[in-house]
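Engineer: Below: one structure in structure tokens.
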Amino acid sequence: MSNVVIEAKNLSKKYKKKYALTDCNISIPQGRVVGLVGPNGAGKSTLMQIALGLIPTYMGEINVLGSIPAQDASQLAKIGFVGQDAPLYSQFDVRDSLNFGKWLNPSWDESLISDRVERLGITLRQKVGSLSGGERAQLALALAVAKNPELLILDEPTASLDPLARMSFLQFLMEDAASHSRTVLISSHLVSDLERVCDYIIILVASKVQLALPVDEVLATHKRLICKKRPASSLPTGVEVIEEKHSTSQSIFIVRSEDKIWDPEVIVEPLDLEDVVLAYMGSAESNKKNPIVKEVL
Ligand code: ADP
């Protein structure tokens, strides 16, 4: 069995009266590229910041690379982080930023960062503060990767990037993840971005984990069922309805089922990751307990 890099048990975080995270249970295996997806305010940053040790008070348990978050400097040395605003020293030029990273990190990968900066077309004498938002985000990712961390945590890293820069950023991330046994936790509300790079997905909505599974398992167990109008209760046992829509004559269900669905009256269609994520988001947002039911006339 592979090692677990982040393990949370009943992890909760409350701000005044509102929960930012509620009874979160996750177990992230080593070497995965994990997409953390959910709408704004779902609790993604809170989960990441707890894992980084930036939020020290919480309820429940969390273990990162074998110890509590930010237990000591040696644990932090194994973690790379890029926050939403790609924080860098704007007064530094690019060369200073690279030298600073090298000075701080014993496992610095000099050739990786030089190659990446050259490929980005960023000049070493340019002030970081004069780079575009996209260039800053790309540089911040390259610096985090050059640290050669076991765990890379990226909080909405593509938010400020145009589509072309986003592609280049994700391509670099994919190449890096494929050539190192790094675990990457990347949050985004853009499922299309995550679909390209992730092999594991965590869906977080309204402070609760809705699903945490390898992507291939998600796609194998989630289906769209189309049939003559019928209630969800008439579906075989073991079929969990995530979302249902009914017109006057037809019913469409998004379901999760471990077993194949054999019913000549039902058309079973595969789903892509975006379909599944949207179904869970819709379901969790509209009703915390029951599946969403829509009447389509
Ligand atoms: P996401 O990253 O998914 O957008 P966050 O983790 O930033 O979500 O926020 C989750 C919830 O916690 C939101 O309702 C947000 O308003 C609240 N929250 C986050 N940080 C604080 C804080 N420092 N004080 C009070 N509420 C907060």
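In the structure tokens, chains take the letters A, B, ... in the order shown, each chain's residues start at 1, and ligands count up from 1 in the order shown.
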Applying 9 Å and only C-alpha atoms, which residues near segment 71-79 of chain A remain after dropping the ones on its own chain fewer than 3 positions away? List them as a PyMOL selection string.
Structural biologist: chain A and resi 52-53+64-68+105-107+144+147-153
Engineer: Return as number ranges by chain every polymer residue, whether protein, DNA or RNA, with at least one atom no more than 12 Å from an atom of ligand 1; count only C-alpha atoms and all ligand atoms.
Structural biologist: A: 12-22, 36-50, 54-55, 57, 83-84, 154-157, 159, 186-189, 202-209
Engineer: For Asp263 of chain A, which residue out of A:Val191, A:Leu235, A:Leu104, A:Ala165 is the nearest one, using only C-alpha atoms?
Structural biologist: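 Looking at the shortest contact to Asp263 of chain A, the residue is A:Leu235.
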Engineer: Write out as a PyMOL selection string the set of residues from segment 185-290 of chain A that DSSP, computed on the backbone, places in helix (DSSP H, G or I).
Structural biologist: chain A and resi 191-197+215-221+232-234+273-286
Engineer: Need to verify the contact set: Leu219 of chain A, 12 Å, only C-alpha atoms, exclusion of same-chain residues closer than 4 positions in sequence. Can you return it as a list in words?
Structural biologist: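 Skipping anything fewer than 4 positions along the chain leaves Glu195, Asp199, Tyr200, Ile201, Leu213, Pro214, Val215, Lys223, Arg224, Ile254, Val255, Arg256, Ser257, Glu258, Glu269, Pro270, Leu271, Asp272, Leu273, Glu274, Asp275, Val276 and Val277 of chain A.
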Engineer: Extract, using only C-alpha atoms, all DNA, RNA and protein residues at most 12 Å from Pro231 of chain A, discarding same-chain residues fewer than 6 positions from it, and format them as a ChimeraX atom specification.
Structural biologist: /A:241,244-247,249-253,293
Engineer: Would you return as an NGL selection string the members of segment 184-281 of chain A that DSSP assigns to strand (DSSP E or B) on this structure's backbone?
Structural biologist: :A and (184-188 or 200-205 or 208-214 or 222-228 or 240-246 or 250-256 or 266-270)
